[in-house]
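Chemist: Just work-v7.cif, nothing more (mmCIF, C-alpha atoms):
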```cif
data_input
#
loop_
_atom_site.label_atom_id
_atom_site.label_comp_id
_atom_site.auth_asym_id
_atom_site.auth_seq_id
_atom_site.Cartn_x
_atom_site.Cartn_y
_atom_site.Cartn_z
CA ASP M 45 0.00 0.00 0.00
CA ALA M 46 1.24 3.49 -0.86
CA LYS M 47 2.17 5.43 2.26
CA THR M 48 1.08 8.81 3.49
CA THR M 49 2.83 11.22 5.84
CA GLN M 50 0.93 13.53 8.17
CA PRO M 51 1.95 15.75 11.08
CA ASN M 52 1.35 14.04 14.41
CA SER M 53 -0.68 16.91 15.80
CA MET M 54 -2.11 20.32 14.96
CA GLU M 55 -3.92 22.95 16.91
CA SER M 56 -6.37 25.60 15.82
CA ASN M 57 -8.97 27.95 17.21
CA GLU M 58 -12.69 27.66 17.05
CA GLU M 59 -14.36 29.28 14.04
CA GLU M 60 -11.08 29.53 12.14
CA PRO M 61 -10.15 27.53 9.03
CA VAL M 62 -7.94 24.49 9.43
CA HIS M 63 -5.62 23.09 6.79
CA LEU M 64 -4.51 19.51 7.39
CA PRO M 65 -1.64 18.45 5.09
CA CYS M 66 -0.85 15.01 3.76
CA ASN M 67 2.13 13.92 1.67
CA HIS M 68 1.86 10.89 -0.60
CA SER M 69 4.84 11.11 -2.93
CA THR M 70 4.56 7.48 -4.08
CA ILE M 71 0.91 7.72 -5.08
CA SER M 72 -0.02 5.76 -8.19
CA GLY M 73 -2.29 6.91 -10.97
CA THR M 74 -5.17 4.74 -9.76
CA ASP M 75 -5.03 5.73 -6.07
CA TYR M 76 -7.88 7.72 -4.60
CA ILE M 77 -7.07 10.00 -1.66
CA HIS M 78 -9.43 9.33 1.23
CA TRP M 79 -9.83 11.20 4.48
CA TYR M 80 -11.43 9.74 7.57
CA ARG M 81 -11.62 11.07 11.08
CA GLN M 82 -12.06 9.45 14.46
CA LEU M 83 -13.84 11.40 17.14
CA PRO M 84 -13.11 10.46 20.76
CA SER M 85 -14.58 7.08 21.73
CA GLN M 86 -16.05 6.48 18.27
CA GLY M 87 -15.21 4.49 15.18
CA PRO M 88 -13.72 6.35 12.21
CA GLU M 89 -16.05 8.20 9.89
CA TYR M 90 -15.68 9.14 6.26
CA VAL M 91 -14.91 12.77 5.51
CA ILE M 92 -14.11 13.13 1.82
CA HIS M 93 -12.21 11.58 -1.05
CA GLY M 94 -10.90 12.58 -4.47
CA LEU M 95 -8.75 11.48 -7.36
CA THR M 96 -7.39 14.53 -9.20
CA SER M 97 -9.74 17.47 -8.87
CA ASN M 98 -10.52 19.42 -5.74
CA VAL M 99 -13.64 18.22 -3.96
CA ASN M 100 -16.15 19.87 -1.67
CA ASN M 101 -18.85 18.46 0.55
CA ARG M 102 -20.79 19.59 3.57
CA MET M 103 -18.03 18.54 5.95
CA ALA M 104 -14.86 19.75 4.26
CA SER M 105 -12.92 20.50 1.12
CA LEU M 106 -10.08 18.49 -0.35
CA ALA M 107 -7.36 20.29 -2.28
CA ILE M 108 -5.15 18.01 -4.36
CA ALA M 109 -1.81 19.17 -5.72
CA GLU M 110 -1.39 19.13 -9.47
CA ASP M 111 1.23 16.37 -9.27
CA ARG M 112 -0.96 14.51 -6.72
CA LYS M 113 1.98 14.04 -4.39
CA SER M 114 0.24 15.95 -1.63
CA SER M 115 -3.22 17.01 -0.55
CA THR M 116 -4.82 19.24 2.06
CA LEU M 117 -8.03 18.71 3.97
CA ILE M 118 -9.69 22.03 4.69
CA LEU M 119 -12.18 22.58 7.48
CA HIS M 120 -13.58 25.99 6.66
CA ARG M 121 -14.77 26.94 10.11
CA ALA M 122 -13.66 24.60 12.85
CA THR M 123 -15.87 23.85 15.80
CA LEU M 124 -15.05 22.05 19.03
CA ARG M 125 -16.77 18.97 17.57
CA ASP M 126 -14.09 18.79 14.88
CA ALA M 127 -11.48 17.78 17.45
CA ALA M 128 -10.46 14.32 16.27
CA VAL M 129 -7.71 12.26 14.69
CA TYR M 130 -7.70 12.78 10.92
CA TYR M 131 -6.41 10.04 8.66
CA CYS M 132 -5.25 10.48 5.08
CA ILE M 133 -5.38 7.13 3.26
CA LEU M 134 -4.70 6.00 -0.29
CA ARG M 135 -7.02 3.45 -1.82
CA ASP M 136 -6.66 1.87 -5.24
CA ARG M 137 -9.47 2.79 -7.61
CA ASP M 138 -9.50 -0.64 -9.16
CA GLY M 139 -10.39 -2.28 -5.87
CA GLY M 140 -10.21 -6.00 -5.55
CA GLY M 141 -8.07 -6.98 -2.59
CA ALA M 142 -7.00 -3.39 -2.18
CA GLN M 143 -10.45 -2.34 -1.03
CA LYS M 144 -9.32 -2.50 2.58
CA LEU M 145 -8.37 0.73 4.30
CA VAL M 146 -4.89 0.78 5.80
CA PHE M 147 -4.56 3.44 8.50
CA GLY M 148 -1.44 5.42 9.31
CA GLN M 149 -0.96 7.36 12.53
CA GLY M 150 -3.02 10.36 11.46
CA THR M 151 -3.06 13.95 12.74
CA ARG M 152 -4.56 14.70 16.12
CA LEU M 153 -6.42 18.00 15.75
CA THR M 154 -7.07 20.09 18.84
CA ILE M 155 -9.54 22.97 18.67
CA ASN M 156 -9.22 25.74 21.21
CA PRO M 157 -12.35 27.62 22.30
CA SER Y 461 -24.88 4.75 4.19
CA ALA Y 462 -24.67 1.67 6.41
CA VAL Y 463 -25.55 1.45 10.09
CA ILE Y 464 -23.44 -0.99 12.06
CA SER Y 465 -24.34 -2.44 15.41
CA GLN Y 466 -21.58 -4.03 17.45
CA LYS Y 467 -22.09 -6.10 20.56
CA PRO Y 468 -20.94 -6.00 23.26
CA SER Y 469 -19.83 -2.40 23.48
CA ARG Y 470 -17.37 -3.33 26.21
CA ASP Y 471 -16.37 -6.31 28.29
CA ILE Y 472 -13.92 -7.31 30.96
CA CYS Y 473 -12.61 -10.86 30.57
CA GLN Y 474 -10.33 -13.17 32.45
CA ARG Y 475 -7.05 -14.40 31.07
CA GLY Y 476 -7.42 -17.62 29.07
CA THR Y 477 -11.06 -17.15 28.16
CA SER Y 478 -12.52 -16.04 24.83
CA LEU Y 479 -14.77 -13.21 23.71
CA THR Y 480 -17.02 -13.23 20.67
CA ILE Y 481 -17.95 -9.89 19.15
CA GLN Y 482 -20.97 -9.57 16.91
CA CYS Y 483 -21.37 -7.15 14.01
CA GLN Y 484 -24.77 -6.56 12.40
CA VAL Y 485 -25.29 -4.31 9.38
CA ASP Y 486 -28.61 -2.84 8.30
CA SER Y 487 -28.04 -3.68 4.63
CA GLN Y 488 -26.36 -6.39 2.61
CA VAL Y 489 -22.68 -5.73 2.04
CA THR Y 490 -20.06 -7.68 0.17
CA MET Y 491 -17.01 -6.73 2.19
CA MET Y 492 -16.70 -6.69 5.97
CA PHE Y 493 -13.53 -6.03 7.93
CA TRP Y 494 -12.30 -6.39 11.48
CA TYR Y 495 -9.80 -3.95 12.97
CA ARG Y 496 -7.96 -3.70 16.25
CA GLN Y 497 -7.02 -0.43 17.92
CA GLN Y 498 -4.58 -0.79 20.78
CA PRO Y 499 -4.50 1.93 23.43
CA GLY Y 500 -3.28 5.22 21.99
CA GLN Y 501 -2.62 3.67 18.59
CA SER Y 502 -4.08 3.77 15.12
CA LEU Y 503 -6.24 1.04 13.63
CA THR Y 504 -4.72 -2.23 12.42
CA LEU Y 505 -6.60 -4.48 10.04
CA ILE Y 506 -7.04 -8.00 11.39
CA ALA Y 507 -8.89 -9.65 8.53
CA THR Y 508 -11.44 -9.39 5.78
CA ALA Y 509 -14.54 -11.47 6.50
CA ASN Y 510 -15.68 -13.25 3.35
CA GLN Y 511 -19.22 -14.54 3.03
CA GLY Y 512 -19.26 -18.29 2.44
CA SER Y 513 -15.53 -18.78 2.71
CA GLU Y 514 -12.68 -18.45 5.14
CA ALA Y 515 -11.58 -14.99 6.23
CA THR Y 516 -8.46 -13.43 4.77
CA TYR Y 517 -6.02 -12.56 7.54
CA GLU Y 518 -3.39 -9.86 7.54
CA SER Y 519 0.20 -10.54 8.42
CA GLY Y 520 0.59 -11.18 12.13
CA PHE Y 521 -2.97 -12.39 12.67
CA VAL Y 522 -3.98 -16.06 12.61
CA ILE Y 523 -7.26 -17.92 12.48
CA ASP Y 524 -6.63 -19.87 15.69
CA LYS Y 525 -6.40 -16.66 17.68
CA PHE Y 526 -9.02 -14.64 15.79
CA PRO Y 527 -11.61 -16.99 14.27
CA ILE Y 528 -14.15 -15.14 12.15
CA SER Y 529 -17.55 -16.19 10.90
CA ARG Y 530 -19.58 -14.60 8.11
CA PRO Y 531 -22.78 -16.61 7.68
CA ASN Y 532 -24.57 -14.04 5.51
CA LEU Y 533 -24.25 -10.61 3.95
CA THR Y 534 -25.34 -8.67 7.02
CA PHE Y 535 -23.61 -10.39 9.93
CA SER Y 536 -20.16 -11.38 11.15
CA THR Y 537 -18.48 -12.42 14.38
CA LEU Y 538 -14.92 -12.08 15.59
CA THR Y 539 -13.72 -14.26 18.43
CA VAL Y 540 -10.60 -13.33 20.35
CA SER Y 541 -9.35 -16.60 21.84
CA ASN Y 542 -7.12 -17.51 24.77
CA LEU Y 543 -7.14 -13.96 26.04
CA SER Y 544 -4.10 -12.28 27.54
CA PRO Y 545 -3.69 -8.71 28.83
CA GLU Y 546 -2.01 -7.84 25.51
CA ASP Y 547 -5.38 -8.39 23.80
CA SER Y 548 -6.84 -5.41 25.66
CA SER Y 549 -7.89 -3.18 22.78
CA ILE Y 550 -10.83 -1.77 20.92
CA TYR Y 551 -12.09 -4.08 18.18
CA LEU Y 552 -13.99 -2.48 15.32
CA CYS Y 553 -16.18 -3.89 12.60
CA SER Y 554 -16.27 -2.12 9.25
CA VAL Y 555 -18.12 -2.55 5.98
CA LEU Y 556 -17.60 -1.26 2.47
CA GLY Y 557 -20.56 0.71 1.19
CA LEU Y 558 -21.37 1.02 -2.47
CA PRO Y 559 -21.38 2.68 -4.87
CA LYS Y 560 -18.97 5.24 -3.53
CA ASN Y 561 -16.58 2.77 -1.85
CA ILE Y 562 -16.96 4.49 1.48
CA GLN Y 563 -16.06 2.42 4.50
CA TYR Y 564 -18.36 2.55 7.53
CA PHE Y 565 -17.35 1.63 11.06
CA GLY Y 566 -19.09 0.40 14.15
CA ALA Y 567 -18.54 2.14 17.46
CA GLY Y 568 -16.21 -0.65 18.56
CA THR Y 569 -15.94 -3.15 21.39
CA ARG Y 570 -13.66 -2.16 24.22
CA LEU Y 571 -12.03 -5.27 25.66
CA SER Y 572 -10.10 -5.35 28.90
CA VAL Y 573 -8.33 -8.54 29.93
CA LEU Y 574 -7.40 -9.07 33.55
#
```
As structure tokens - that is how I would like this structure written.
Modeler:
Amino acid sequence: DAKTTQPNSMESNEEEPVHLPCNHSTISGTDYIHWYRQLPSQGPEYVIHGLTSNVNNRMASLAIAEDRKSSTLILHRATLRDAAVYYCILRDRDGGGAQKLVFGQGTRLTINP
Amino acid sequence: SAVISQKPSRDICQRGTSLTIQCQVDSQVTMMFWYRQQPGQSLTLIATANQGSEATYESGFVIDKFPISRPNLTFSTLTVSNLSPEDSSIYLCSVLGLPKNIQYFGAGTRLSVL
């Protein structure tokens, strides 16, 4: 599985934007970039995913570099409920045995009131 | 989306015993997974539960220690056998939802072994 690199922790203030970086220099052409987050005492939940173009949904935006070797998850206006561990994961588009999600260490995001 | 129910939510077990964790999904799914999350760590995939055939285990995990059943497309069990304190972890069930290939997770089973 292609690997991702994320900062261990980040801190931000409530109601401010948060940019969570992820490096994936060995990404292949068929890898989707997925983001999940794990709130305290819960299972992970899906946030967003993309292949080449930037993506937006109600939770966040995903900005993907032109060479696809890095991406940034953007929380436009963080709330205290966004405090979680955020995981950037590569998943092969063609599926098969690579459908499983392989988690790295993620970024622990702290939101200050 | 898929709603996953895991039972029990937590348990305290004695060394040498076994615990069976149940995972029920509200819709039929092709792929189900079992993960372990040790204290303060990220998630590690134990195995993929295949309907009608033996589970596919990841490196470092064996069927004798983590037998898995998958009798139908909505249900699976994970048994953690011959428990030791090192098995104290959160065990999570996950399913792959179509068509967007989003993975959904249960809330987990918190196991403590004394």
Chemist: Of the candidates Y:Leu505, Y:Leu543, Y:Val485, Y:Leu558, which shows the shortest atom-to-atom distance to chain M, using all atoms listed in the file?
Modeler: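 For chain M, the nearest of the candidates is Y:Leu505.
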Chemist: Considering all atoms listed in the file, extract the chain Y residues located within 6 Å of chain M and return them as a ChimeraX atom specification.
Modeler: /Y:502-503,565-567
Chemist: Filtering to C-alpha atoms, could you give me those residues as a PDB file, keeping the file's coordinate frame?
Modeler:
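Result file is result11.pdb:
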```pdb
ATOM      1  CA  SER Y 502      -4.080   3.770  15.120  1.00  0.00           C
ATOM      2  CA  LEU Y 503      -6.240   1.040  13.630  1.00  0.00           C
ATOM      3  CA  PHE Y 565     -17.350   1.630  11.060  1.00  0.00           C
ATOM      4  CA  GLY Y 566     -19.090   0.400  14.150  1.00  0.00           C
ATOM      5  CA  ALA Y 567     -18.540   2.140  17.460  1.00  0.00           C
TER       6      ALA Y 567
END
```
Chemist: Which of these, Y:Tyr517, Y:Phe535, Y:Phe526, Y:Trp494, has the shortest distance to Gln482 (chain Y) once you count only C-alpha atoms?
Modeler: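 Nearest to Gln482 (chain Y): Y:Phe535.
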Chemist: Please indicate the distance in Å from CA of Arg112 (chain M) to CA of Glu518 (chain Y), rounded to one decimal place.
Modeler: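 Interatomic distance here is 28.3 Å.
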Chemist: CA of Lys47 (chain M) and CA of Thr70 (chain M) are how many Å apart?
Modeler: 7.1 Å
Chemist: Could you pull the residues within 10 Å of Leu83 (chain M), counting all atoms listed in the file, minus those fewer than 6 positions along the same chain, as a ChimeraX atom specification?
Modeler: /M:89,125-130,152
Chemist: Between CA of Thr96 (chain M) and CA of Asn561 (chain Y), measure the distance and give it in Å to one decimal.
Modeler: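 Calculated distance between CA of Thr96 (chain M) and CA of Asn561 (chain Y) is 16.6 Å.
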Chemist: Quick check on the file I pasted: which residues fall under the PyMOL selection byres ((chain Y and resi 491-493) around 12)? Write them as number ranges by chain.
Modeler: M: 139-146; Y: 462, 464, 483-485, 487-490, 494-496, 503-512, 515-518, 528-538, 551-558, 561-566
Chemist: Could you tell me which of M:Cys66, M:Pro157, M:Thr151, M:Thr123 comes closest to Gln501 (chain Y) if we count all atoms listed in the file?
Modeler: M:Thr151
Chemist: Counting only C-alpha atoms, which residues have an atom no more than 10 Å from (-13.0, -18.0, 28.4) in the file's coordinates? Please list them as a compact mmCIF listing (two decimals) with C-alpha atoms, in the frame of the given file.
Modeler:
```
# COMPACT_ATOMS: atom_id res chain seq x y z
CA CYS Y 473 -12.61 -10.86 30.57
CA GLN Y 474 -10.33 -13.17 32.45
CA ARG Y 475 -7.05 -14.40 31.07
CA GLY Y 476 -7.42 -17.62 29.07
CA THR Y 477 -11.06 -17.15 28.16
CA SER Y 478 -12.52 -16.04 24.83
CA LEU Y 479 -14.77 -13.21 23.71
CA THR Y 480 -17.02 -13.23 20.67
CA VAL Y 540 -10.60 -13.33 20.35
CA SER Y 541 -9.35 -16.60 21.84
CA ASN Y 542 -7.12 -17.51 24.77
CA LEU Y 543 -7.14 -13.96 26.04
```
Chemist: Return as AutoDock Vina command-line options the box centre and box size in Å, one decimal, for an axis-aligned box around all listed atoms of region 78-96 of chain M padded by 4 Å per side.
Modeler:
```
--center_x -11.7 --center_y 9.5 --center_z 6.3 --size_x 16.7 --size_y 18.0 --size_z 38.9
```
Chemist: When distances are computed from all atoms listed in the file, which of M:Thr48, M:Val99, M:Ile118, M:Leu153 shows the smallest separation from His63 (chain M)?
Modeler: M:Ile118
Chemist: Would you list the contacts of Gly94 (chain M) as a ChimeraX atom specification, taking every protein, DNA or RNA residue within 9 Å and counting only C-alpha atoms, but skipping same-chain residues closer than 5 positions in sequence?
Modeler: /M:76-78,99,106-108
Chemist: Output C-alpha atoms for every residue in that selection, as a CSV table (one decimal), in the frame of the given file.
Modeler:
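That gives us again.csv:
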```
chain,number,residue,atom,x,y,z
M,76,TYR,CA,-7.9,7.7,-4.6
M,77,ILE,CA,-7.1,10.0,-1.7
M,78,HIS,CA,-9.4,9.3,1.2
M,99,VAL,CA,-13.6,18.2,-4.0
M,106,LEU,CA,-10.1,18.5,-0.4
M,107,ALA,CA,-7.4,20.3,-2.3
M,108,ILE,CA,-5.2,18.0,-4.4
```
